[in-house]
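Read through the structure below, which is laid out as structure tokens, and then see the notes.
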Amino acid sequence: MAQPLSHVSAPDLIPDSASRYVVVGGGPVGARVATTLAASAKSARVVLLSFERFDPYNRVKLTPLLAGDVQFGEISSPDIDVAHPNLTLRTGLRATEIDRDQKFVRSADGQVWPYDKLVLATGSRAFVPGITGRDLSGVFTFRSAEDVSALLARSIRARQVVVIGGGLLGLEAARGMQRRQSQVTVIEHESRIMPRQLDPAAGALLAQEIEALGVAVRTGVAVSEIRGTDRVESIHLADGSHIPCDTVIVCTGVRANIDLAKSSRLAFGRGITVDDRMCSSDPYIYAVGECAEHKQTMQGLVGPGFEQADIAVAQILGRDTRYRASAPATKLKVIGAEVFSVGEIEQLEVAAKTQSHIWQDAHGYRRIFVQQGKLVGAIAVGGWAQASRVQSAVQQGASVYPWMVYRFRRHGFLWPEGEEDMSQMADAATVCNCTGVTCGRLRAAIAEGADSPAALGVATGAGNVCGGCQPLLQELVSAGAPPEPVRLFRPILALSAMAALLTLMLGLLPPVPFPQGFDADSLRVWLWQDNIIRQWSGFLLLGTTLAALLIGLRKRLRFMDRLGRYDGWRMVHLAVGALAAFGLIAHTGLRAGSNLNLALFVLFTLTLVMGAVSGLATGGDHLLRARRLSSARKPARRLPTWLHILAVWPLPVLILTHVLASYAY
Ligand SMILES: Cc1cc2nc3c(=O)[nH]c(=O)nc-3n(C[C@H](O)[C@H](O)[C@H](O)COP(=O)(O)OP(=O)(O)OC[C@H]3O[C@@H](n4cnc5c(N)ncnc54)[C@H](O)[C@@H]3O)c2cc1C
């Protein structure tokens with residue numbers, strides 16, 4: 001295990017080939033990097049320096065902890081293995097200096113930690129603006145387990161609480177304190193609450209819902225002063241009014257912890273500047289999570305932080321994967337009202353060439369943003385069963401067609417109602433926002449035996465952070481393992497492609513002219529002037545039609561089960577179909593004829609075309625399944641299969657009539 005140089009010289013303990021990694025910051029993102037690196041190789045030696053005095057914990061769970069839904073012992077994350085033999089965890093220890101030339105980190109106790117690769121995951125701290133009175137007793141922030149333990153102690157005697165800041169955290173802090181029997185007022189200086197995630201109408205609706213829960217909300221007014229002698233007594237607002245209170249919680253945003261990076265002359269802006277590999281301006285130092293600034297953007301959610309952690313680890317281990325920031329997505333969980341927001345809503349509201357569409361009824365409000373036909377953002381206040389699918393559509397830049405906009409404006413749904421259950425969700429869709437686990441990965445875990453949300457959590461990490469996706473995990477487990485591809489799907493594809501080619505000939509090639517006189521070539525004379533041969537090609541056609549019909553029945557009539565497996569017979573059905581296409585060409589010479597013959601030709605061609613398309617769709621669907629790429633959406637073969645069945649049934653009657661007519665005249 002790696003040791004500080006002040007205790008023992010590193011080469012005594014660390015094998016020459018061992019990679020020495022130091023991670024600064026034991027928040028969720030730093031802990032993920034450290035755990036993954038420790039598990040990456042037997043010889044890996046990882047040191048995690050964490051300023052907080054607790055073992056790494058799940059910061060997201062501070063909200064339910066404040067609200068009383070979980071206890072202190074329940075906020076640790078099952079994903080973090082602090083006891084891993086390759087990992088040295090030092091809590092309550094601040095990293096104070098990086099020597100980039102000699103490649104070591106110095107900690108506050110003077111110890112020196114050498115590294116081959118260093119990862120900075122120093123996160124953020126609560127930002128407290130310079131309001132007069134901010135140092136009074138009774139003023140709190142809401143960022144760390146320390147803050148929450150202070151707030152929990154305070155909640156016993158807090159009667160009147162003012163929360164400064166109506167963003168996500170401010171609202172959650174307000175609701176948490178209100179559930180502990182305090183009277184709570186939220187002050188937001190912008191014109192609406194959650195201004196980064198919601199538009200004015202959604203903000204107003206949410207404010208109404210929050211007020212109905214018993215939390216007062218005041219927007220469009222700034223705090224000018226916190227007053228009190230030695231402890232908080234009231235808060236004074238810019239409009240001249242004041243609110244008596246004994247507790248103030250400041251939730252006015254965060255600032256990245258970049259002092260260490262600054263003093264070691266790494267490039268920085270609002271955060272530590274990183275490229276697509278999460279690498280800082282020093283090739284041996286990476287930065288991830290809330291302290292990192294990628295393309296002038298800072299992330300404030302745990303999901304993107306984990307994504308960055310995985311990229312940095314991959315890069316350190318020699319795999320060249322790149323970070324592509326995905327649109328931020330938020331679902332509020334504690335406040336009691338359902339709120340959903342995906343995309344950069346504040347920017348989208350003023351962006352050029354952006355259309356937005358709104359649906360509203362007495363219970364909910366939904367708005368979508370579309371740029372050049374692509375879905376780029378969405379907001380909802382009130383439940384929206386399609387929210388997860390919308391989120392995945394935004395993150396994949398999915399197209400929005402006019403009929404979807406029409407449906408949305410009329411009914412509030414982008415896809416037909418009922419298509420929102422998990423079985424309809426594409427494999428690429430993200431189910432767990434915090435860990436970025438997709439539907440496909442969860443389905444694969446279910447196929448490998450995970451049979452409960454807890455087992456899925458162990459297998460994939462989904463549901464272990466905020467827990468908001470637990471109902472979706474339960475739904476997926478209930479739906480069971482994804483279907484396996486059928487046997488012989490590749491031959492199905494090949495035969496269907498051949499049938500499709502033949503039927504294309506029927507539609508696209510010009511009719512073969514009738515042979516004229518004796519100089520015509522013998523094949524054409526033989527095929528179309530010899531009555532016996534024409535009768536034979538006709539009977540071949542009738543025979544193949546009846547055979548294909550009977551084989552098609554095999555799937556639908558149970559008593560035919562004893563005739564062998566259906567997928568084998570499906571191959572025969574396809575082969576017979578391809579033979580029928582030959583028969584039709586041989587019998588007609590691609591001449592459609594008129595009246596009954598024309599009807600017969602058109603219906604036959606339609607039957608063959610739809611059969612070939614259905615075969616291609618079936619083979620394609622199973623190919624996607626085999627590659628774990630297919631959604632569980634309604635299979636694309638349904639429509640062509642039904643058209644194939646509808647077209648085939650009149651054929652025997654028409655053929656019979658054609659035969660009788662041929663013999664009669
Ligand atoms: C109450 C609350 C609720 C939240 N809810 C959600 C949610 O529902 N969904 C969501 O996606 N996100 C949520 N977030 C945000 C999420 O917690 C953060 O995005 C995430 O914690 C960022 O992780 P991080 O590891 O980058 O930074 P941090 O969690 O800030 O961790 C950084 C750590 O580094 C330590 N550190 C800093 N400097 C040094 C140093 N020099 N030496 C040693 N240690 C140092 C800090 O003390 C801290 O422990 C919530 C945040 C809070 C506070």
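Labels used: A, B, ... for chains in the order of the structure tokens, numbers from 1 for residues in each chain, and numbers from 1 for ligands as shown.
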List as JSON lines every residue of chain A that is in contact with ligand 1, defined as an atom at most 8 Å from one of its atoms (using only C-alpha atoms and all ligand atoms), together with the nearest atom pair and the distance in Å rounded to one decimal, sorted by chain and then rising number.
```
{"residue": "A:Val24", "atom": "CA", "partner": "ligand 1", "partner_atom_place_in_ligand_line": "43 (C)", "distance": 5.2}
{"residue": "A:Gly25", "atom": "CA", "partner": "ligand 1", "partner_atom_place_in_ligand_line": "34 (O)", "distance": 3.2}
{"residue": "A:Gly26", "atom": "CA", "partner": "ligand 1", "partner_atom_place_in_ligand_line": "33 (C)", "distance": 4.8}
{"residue": "A:Gly27", "atom": "CA", "partner": "ligand 1", "partner_atom_place_in_ligand_line": "31 (O)", "distance": 3.2}
{"residue": "A:Pro28", "atom": "CA", "partner": "ligand 1", "partner_atom_place_in_ligand_line": "25 (O)", "distance": 4.3}
{"residue": "A:Val29", "atom": "CA", "partner": "ligand 1", "partner_atom_place_in_ligand_line": "25 (O)", "distance": 3.7}
{"residue": "A:Gly30", "atom": "CA", "partner": "ligand 1", "partner_atom_place_in_ligand_line": "25 (O)", "distance": 5.0}
{"residue": "A:Ala31", "atom": "CA", "partner": "ligand 1", "partner_atom_place_in_ligand_line": "25 (O)", "distance": 7.2}
{"residue": "A:Leu49", "atom": "CA", "partner": "ligand 1", "partner_atom_place_in_ligand_line": "43 (C)", "distance": 5.1}
{"residue": "A:Ser50", "atom": "CA", "partner": "ligand 1", "partner_atom_place_in_ligand_line": "44 (N)", "distance": 3.9}
{"residue": "A:Phe51", "atom": "CA", "partner": "ligand 1", "partner_atom_place_in_ligand_line": "44 (N)", "distance": 3.7}
{"residue": "A:Glu52", "atom": "CA", "partner": "ligand 1", "partner_atom_place_in_ligand_line": "47 (O)", "distance": 4.9}
{"residue": "A:Pro56", "atom": "CA", "partner": "ligand 1", "partner_atom_place_in_ligand_line": "49 (O)", "distance": 7.5}
{"residue": "A:Asn58", "atom": "CA", "partner": "ligand 1", "partner_atom_place_in_ligand_line": "17 (O)", "distance": 7.4}
{"residue": "A:Arg59", "atom": "CA", "partner": "ligand 1", "partner_atom_place_in_ligand_line": "17 (O)", "distance": 4.6}
{"residue": "A:Val60", "atom": "CA", "partner": "ligand 1", "partner_atom_place_in_ligand_line": "5 (N)", "distance": 3.9}
{"residue": "A:Lys61", "atom": "CA", "partner": "ligand 1", "partner_atom_place_in_ligand_line": "3 (C)", "distance": 6.5}
{"residue": "A:Leu62", "atom": "CA", "partner": "ligand 1", "partner_atom_place_in_ligand_line": "1 (C)", "distance": 4.8}
{"residue": "A:Thr63", "atom": "CA", "partner": "ligand 1", "partner_atom_place_in_ligand_line": "1 (C)", "distance": 4.9}
{"residue": "A:Gly92", "atom": "CA", "partner": "ligand 1", "partner_atom_place_in_ligand_line": "43 (C)", "distance": 7.7}
{"residue": "A:Leu93", "atom": "CA", "partner": "ligand 1", "partner_atom_place_in_ligand_line": "43 (C)", "distance": 5.9}
{"residue": "A:Arg94", "atom": "CA", "partner": "ligand 1", "partner_atom_place_in_ligand_line": "42 (N)", "distance": 3.6}
{"residue": "A:Ala95", "atom": "CA", "partner": "ligand 1", "partner_atom_place_in_ligand_line": "42 (N)", "distance": 3.9}
{"residue": "A:Thr96", "atom": "CA", "partner": "ligand 1", "partner_atom_place_in_ligand_line": "41 (N)", "distance": 5.8}
{"residue": "A:Ser107", "atom": "CA", "partner": "ligand 1", "partner_atom_place_in_ligand_line": "42 (N)", "distance": 7.6}
{"residue": "A:Ala121", "atom": "CA", "partner": "ligand 1", "partner_atom_place_in_ligand_line": "26 (O)", "distance": 5.4}
{"residue": "A:Thr122", "atom": "CA", "partner": "ligand 1", "partner_atom_place_in_ligand_line": "37 (C)", "distance": 3.7}
{"residue": "A:Gly123", "atom": "CA", "partner": "ligand 1", "partner_atom_place_in_ligand_line": "27 (O)", "distance": 3.2}
{"residue": "A:Ser124", "atom": "CA", "partner": "ligand 1", "partner_atom_place_in_ligand_line": "30 (O)", "distance": 4.4}
{"residue": "A:Arg125", "atom": "CA", "partner": "ligand 1", "partner_atom_place_in_ligand_line": "30 (O)", "distance": 6.4}
{"residue": "A:Phe142", "atom": "CA", "partner": "ligand 1", "partner_atom_place_in_ligand_line": "53 (C)", "distance": 6.0}
{"residue": "A:Arg143", "atom": "CA", "partner": "ligand 1", "partner_atom_place_in_ligand_line": "53 (C)", "distance": 3.9}
{"residue": "A:Ser144", "atom": "CA", "partner": "ligand 1", "partner_atom_place_in_ligand_line": "53 (C)", "distance": 6.2}
{"residue": "A:Leu169", "atom": "CA", "partner": "ligand 1", "partner_atom_place_in_ligand_line": "1 (C)", "distance": 6.0}
{"residue": "A:Glu172", "atom": "CA", "partner": "ligand 1", "partner_atom_place_in_ligand_line": "1 (C)", "distance": 7.6}
{"residue": "A:Ala173", "atom": "CA", "partner": "ligand 1", "partner_atom_place_in_ligand_line": "1 (C)", "distance": 7.5}
{"residue": "A:Asn257", "atom": "CA", "partner": "ligand 1", "partner_atom_place_in_ligand_line": "38 (N)", "distance": 5.8}
{"residue": "A:Ile258", "atom": "CA", "partner": "ligand 1", "partner_atom_place_in_ligand_line": "38 (N)", "distance": 7.7}
{"residue": "A:Asp259", "atom": "CA", "partner": "ligand 1", "partner_atom_place_in_ligand_line": "41 (N)", "distance": 7.7}
{"residue": "A:Leu260", "atom": "CA", "partner": "ligand 1", "partner_atom_place_in_ligand_line": "41 (N)", "distance": 6.1}
{"residue": "A:Val288", "atom": "CA", "partner": "ligand 1", "partner_atom_place_in_ligand_line": "26 (O)", "distance": 6.4}
{"residue": "A:Gly289", "atom": "CA", "partner": "ligand 1", "partner_atom_place_in_ligand_line": "26 (O)", "distance": 3.4}
{"residue": "A:Glu290", "atom": "CA", "partner": "ligand 1", "partner_atom_place_in_ligand_line": "26 (O)", "distance": 4.0}
{"residue": "A:Cys291", "atom": "CA", "partner": "ligand 1", "partner_atom_place_in_ligand_line": "26 (O)", "distance": 6.1}
{"residue": "A:Gln299", "atom": "CA", "partner": "ligand 1", "partner_atom_place_in_ligand_line": "19 (O)", "distance": 7.0}
{"residue": "A:Gly300", "atom": "CA", "partner": "ligand 1", "partner_atom_place_in_ligand_line": "19 (O)", "distance": 4.5}
{"residue": "A:Leu301", "atom": "CA", "partner": "ligand 1", "partner_atom_place_in_ligand_line": "11 (O)", "distance": 3.5}
{"residue": "A:Val302", "atom": "CA", "partner": "ligand 1", "partner_atom_place_in_ligand_line": "11 (O)", "distance": 3.8}
{"residue": "A:Gly303", "atom": "CA", "partner": "ligand 1", "partner_atom_place_in_ligand_line": "11 (O)", "distance": 5.4}
{"residue": "A:Pro304", "atom": "CA", "partner": "ligand 1", "partner_atom_place_in_ligand_line": "11 (O)", "distance": 7.9}
{"residue": "A:Gly305", "atom": "CA", "partner": "ligand 1", "partner_atom_place_in_ligand_line": "26 (O)", "distance": 5.9}
{"residue": "A:Thr330", "atom": "CA", "partner": "ligand 1", "partner_atom_place_in_ligand_line": "9 (N)", "distance": 7.1}
{"residue": "A:Lys331", "atom": "CA", "partner": "ligand 1", "partner_atom_place_in_ligand_line": "8 (O)", "distance": 7.5}
{"residue": "A:Leu332", "atom": "CA", "partner": "ligand 1", "partner_atom_place_in_ligand_line": "8 (O)", "distance": 7.1}
{"residue": "A:Lys333", "atom": "CA", "partner": "ligand 1", "partner_atom_place_in_ligand_line": "8 (O)", "distance": 7.3}
{"residue": "A:Asn433", "atom": "CA", "partner": "ligand 1", "partner_atom_place_in_ligand_line": "11 (O)", "distance": 7.2}
{"residue": "A:Cys434", "atom": "CA", "partner": "ligand 1", "partner_atom_place_in_ligand_line": "11 (O)", "distance": 5.4}
{"residue": "A:Val465", "atom": "CA", "partner": "ligand 1", "partner_atom_place_in_ligand_line": "9 (N)", "distance": 8.0}
{"residue": "A:Cys466", "atom": "CA", "partner": "ligand 1", "partner_atom_place_in_ligand_line": "8 (O)", "distance": 5.6}
```
With C-alpha atoms retained, export the selected residues as a JSON list (two decimals), in the first residue's frame.
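Wrote it out as part-v2.json, contents follow:
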```
[["chain", "number", "residue", "atom", "x", "y", "z"],
["A", 24, "VAL", "CA", -7.47, 14.96, -4.08],
["A", 25, "GLY", "CA", -11.08, 15.29, -2.90],
["A", 26, "GLY", "CA", -13.23, 12.54, -1.42],
["A", 27, "GLY", "CA", -16.59, 13.71, -2.79],
["A", 28, "PRO", "CA", -18.66, 11.29, -4.91],
["A", 29, "VAL", "CA", -16.58, 11.92, -8.04],
["A", 30, "GLY", "CA", -13.13, 11.67, -6.40],
["A", 31, "ALA", "CA", -14.22, 8.53, -4.53],
["A", 49, "LEU", "CA", -6.88, 12.75, 0.34],
["A", 50, "SER", "CA", -10.19, 14.04, 1.63],
["A", 51, "PHE", "CA", -10.61, 17.23, 3.59],
["A", 52, "GLU", "CA", -13.94, 16.25, 5.15],
["A", 56, "PRO", "CA", -16.64, 9.44, 1.42],
["A", 58, "ASN", "CA", -23.24, 10.21, -1.08],
["A", 59, "ARG", "CA", -23.70, 14.01, -1.05],
["A", 60, "VAL", "CA", -27.01, 13.75, -2.94],
["A", 61, "LYS", "CA", -28.51, 11.93, 0.04],
["A", 62, "LEU", "CA", -28.00, 15.02, 2.24],
["A", 63, "THR", "CA", -31.43, 16.18, 1.07],
["A", 92, "GLY", "CA", -9.71, 15.22, 7.50],
["A", 93, "LEU", "CA", -6.54, 16.01, 5.54],
["A", 94, "ARG", "CA", -6.24, 18.92, 3.11],
["A", 95, "ALA", "CA", -3.84, 18.87, 0.17],
["A", 96, "THR", "CA", -2.01, 22.18, 0.30],
["A", 107, "SER", "CA", -0.78, 17.66, 2.65],
["A", 121, "ALA", "CA", -11.69, 16.26, -7.61],
["A", 122, "THR", "CA", -11.89, 19.16, -5.18],
["A", 123, "GLY", "CA", -15.54, 19.96, -6.01],
["A", 124, "SER", "CA", -17.24, 23.14, -4.85],
["A", 125, "ARG", "CA", -18.06, 24.98, -1.67],
["A", 142, "PHE", "CA", -26.23, 23.45, 2.91],
["A", 143, "ARG", "CA", -23.37, 21.63, 1.22],
["A", 144, "SER", "CA", -21.75, 19.03, 3.45],
["A", 169, "LEU", "CA", -30.87, 23.28, -3.30],
["A", 172, "GLU", "CA", -34.89, 21.24, -1.05],
["A", 173, "ALA", "CA", -33.44, 22.86, 2.09],
["A", 257, "ASN", "CA", -12.42, 24.80, -5.13],
["A", 258, "ILE", "CA", -9.54, 25.77, -7.39],
["A", 259, "ASP", "CA", -7.03, 27.33, -4.97],
["A", 260, "LEU", "CA", -4.74, 24.31, -5.15],
["A", 288, "VAL", "CA", -13.06, 15.97, -12.74],
["A", 289, "GLY", "CA", -16.44, 16.80, -11.20],
["A", 290, "GLU", "CA", -17.58, 20.19, -10.00],
["A", 291, "CYS", "CA", -14.05, 21.69, -9.94],
["A", 299, "GLN", "CA", -21.26, 20.80, -14.20],
["A", 300, "GLY", "CA", -23.31, 20.91, -11.02],
["A", 301, "LEU", "CA", -24.77, 17.40, -11.05],
["A", 302, "VAL", "CA", -23.33, 14.09, -10.02],
["A", 303, "GLY", "CA", -24.14, 12.25, -13.31],
["A", 304, "PRO", "CA", -21.80, 14.30, -15.53],
["A", 305, "GLY", "CA", -19.18, 14.14, -12.74],
["A", 330, "THR", "CA", -33.02, 17.51, -13.28],
["A", 331, "LYS", "CA", -35.84, 15.73, -11.51],
["A", 332, "LEU", "CA", -36.81, 17.18, -8.13],
["A", 333, "LYS", "CA", -37.40, 14.50, -5.56],
["A", 433, "ASN", "CA", -29.34, 10.11, -14.36],
["A", 434, "CYS", "CA", -26.82, 10.05, -11.55],
["A", 465, "VAL", "CA", -27.10, 7.70, -5.71],
["A", 466, "CYS", "CA", -30.36, 9.68, -5.39]]
```
For range 77-84 of chain A: contacts at 9 Å, only C-alpha atoms, fewer than 4 positions along chain excluded, given as a list in words |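 Everything that qualifies: Pro28, Ala31, Arg32, Ala34, Thr35, Thr36, Ala38, Ala39, Asp55, Pro56, Tyr57, Asn58, Thr88, Leu89, Gly457, Val458, Gly461, Asn464 and Val465 of chain A.
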Those residues with N, CA, C and O atoms, as an mmCIF file, in the first residue's frame please?
```cif
data_model
loop_
_atom_site.group_PDB
_atom_site.id
_atom_site.type_symbol
_atom_site.label_atom_id
_atom_site.label_comp_id
_atom_site.auth_asym_id
_atom_site.auth_seq_id
_atom_site.Cartn_x
_atom_site.Cartn_y
_atom_site.Cartn_z
ATOM 1 N N PRO A 28 -18.235 12.453 -4.133
ATOM 2 C CA PRO A 28 -18.658 11.285 -4.913
ATOM 3 C C PRO A 28 -17.773 11.034 -6.133
ATOM 4 O O PRO A 28 -17.468 9.873 -6.444
ATOM 5 N N ALA A 31 -14.149 9.894 -5.088
ATOM 6 C CA ALA A 31 -14.217 8.535 -4.534
ATOM 7 C C ALA A 31 -14.396 7.518 -5.661
ATOM 8 O O ALA A 31 -13.819 6.427 -5.622
ATOM 9 N N ARG A 32 -15.158 7.891 -6.686
ATOM 10 C CA ARG A 32 -15.342 6.962 -7.817
ATOM 11 C C ARG A 32 -14.022 6.750 -8.559
ATOM 12 O O ARG A 32 -13.674 5.625 -8.908
ATOM 13 N N ALA A 34 -10.992 7.067 -7.346
ATOM 14 C CA ALA A 34 -10.067 6.306 -6.500
ATOM 15 C C ALA A 34 -10.440 4.824 -6.479
ATOM 16 O O ALA A 34 -9.574 3.947 -6.615
ATOM 17 N N THR A 35 -11.750 4.540 -6.330
ATOM 18 C CA THR A 35 -12.191 3.136 -6.262
ATOM 19 C C THR A 35 -11.896 2.420 -7.571
ATOM 20 O O THR A 35 -11.416 1.285 -7.587
ATOM 21 N N THR A 36 -12.179 3.095 -8.700
ATOM 22 C CA THR A 36 -11.975 2.429 -9.996
ATOM 23 C C THR A 36 -10.490 2.201 -10.254
ATOM 24 O O THR A 36 -10.093 1.145 -10.741
ATOM 25 N N ALA A 38 -8.147 1.872 -8.015
ATOM 26 C CA ALA A 38 -7.642 0.850 -7.089
ATOM 27 C C ALA A 38 -7.957 -0.547 -7.612
ATOM 28 O O ALA A 38 -7.160 -1.473 -7.467
ATOM 29 N N ALA A 39 -9.121 -0.672 -8.260
ATOM 30 C CA ALA A 39 -9.525 -1.995 -8.747
ATOM 31 C C ALA A 39 -8.929 -2.303 -10.122
ATOM 32 O O ALA A 39 -9.068 -3.421 -10.615
ATOM 33 N N ASP A 55 -15.789 9.431 6.145
ATOM 34 C CA ASP A 55 -15.460 8.607 4.979
ATOM 35 C C ASP A 55 -16.291 9.129 3.813
ATOM 36 O O ASP A 55 -17.372 9.705 4.034
ATOM 37 N N PRO A 56 -15.845 8.940 2.555
ATOM 38 C CA PRO A 56 -16.635 9.438 1.420
ATOM 39 C C PRO A 56 -18.098 9.002 1.538
ATOM 40 O O PRO A 56 -18.384 7.858 1.891
ATOM 41 N N TYR A 57 -18.993 9.942 1.272
ATOM 42 C CA TYR A 57 -20.425 9.644 1.382
ATOM 43 C C TYR A 57 -21.136 10.179 0.153
ATOM 44 O O TYR A 57 -20.549 10.871 -0.678
ATOM 45 N N ASN A 58 -22.418 9.840 0.073
ATOM 46 C CA ASN A 58 -23.236 10.210 -1.085
ATOM 47 C C ASN A 58 -23.871 11.582 -0.816
ATOM 48 O O ASN A 58 -24.887 11.675 -0.134
ATOM 49 N N THR A 88 -5.376 3.871 -0.087
ATOM 50 C CA THR A 88 -5.103 4.501 1.204
ATOM 51 C C THR A 88 -5.980 5.735 1.294
ATOM 52 O O THR A 88 -5.840 6.652 0.483
ATOM 53 N N LEU A 89 -6.913 5.717 2.238
ATOM 54 C CA LEU A 89 -7.816 6.867 2.399
ATOM 55 C C LEU A 89 -7.373 7.695 3.595
ATOM 56 O O LEU A 89 -7.212 7.159 4.696
ATOM 57 N N GLY A 457 -28.672 -2.595 -8.875
ATOM 58 C CA GLY A 457 -27.771 -1.613 -8.282
ATOM 59 C C GLY A 457 -26.374 -2.201 -8.119
ATOM 60 O O GLY A 457 -25.378 -1.558 -8.441
ATOM 61 N N VAL A 458 -26.308 -3.452 -7.660
ATOM 62 C CA VAL A 458 -25.003 -4.094 -7.471
ATOM 63 C C VAL A 458 -24.322 -4.304 -8.835
ATOM 64 O O VAL A 458 -23.140 -4.035 -9.019
ATOM 65 N N GLY A 461 -24.682 -0.238 -10.685
ATOM 66 C CA GLY A 461 -24.548 1.019 -9.934
ATOM 67 C C GLY A 461 -25.805 1.884 -10.035
ATOM 68 O O GLY A 461 -25.938 2.879 -9.325
ATOM 69 N N ASN A 464 -28.185 3.829 -7.010
ATOM 70 C CA ASN A 464 -27.449 3.893 -5.745
ATOM 71 C C ASN A 464 -27.191 5.317 -5.263
ATOM 72 O O ASN A 464 -26.696 5.506 -4.160
ATOM 73 N N VAL A 465 -27.482 6.341 -6.113
ATOM 74 C CA VAL A 465 -27.103 7.696 -5.712
ATOM 75 C C VAL A 465 -28.312 8.438 -5.135
ATOM 76 O O VAL A 465 -28.485 8.487 -3.920
#
```
Have a look at CA of Tyr286 in chain A and CA of Gly253 in chain A and let me know their distance in Å, one decimal.
-> 24.4 Å
Contact residues around range 638-650 of chain A with only C-alpha atoms at 7 Å, ignoring same-chain residues under 2 positions, as a list in words = Leu603, Leu606, Thr607, Met610, Gly611, Val613, Ser614, Pro635, Ala636, Pro652, Val653 and Leu654 of chain A
Within 10 Å of Thr438 in chain A, counting only C-alpha atoms, which residues qualify if same-chain residues fewer than 6 places away don't, as a ChimeraX atom specification?
-> /A:392,425-432,460,462
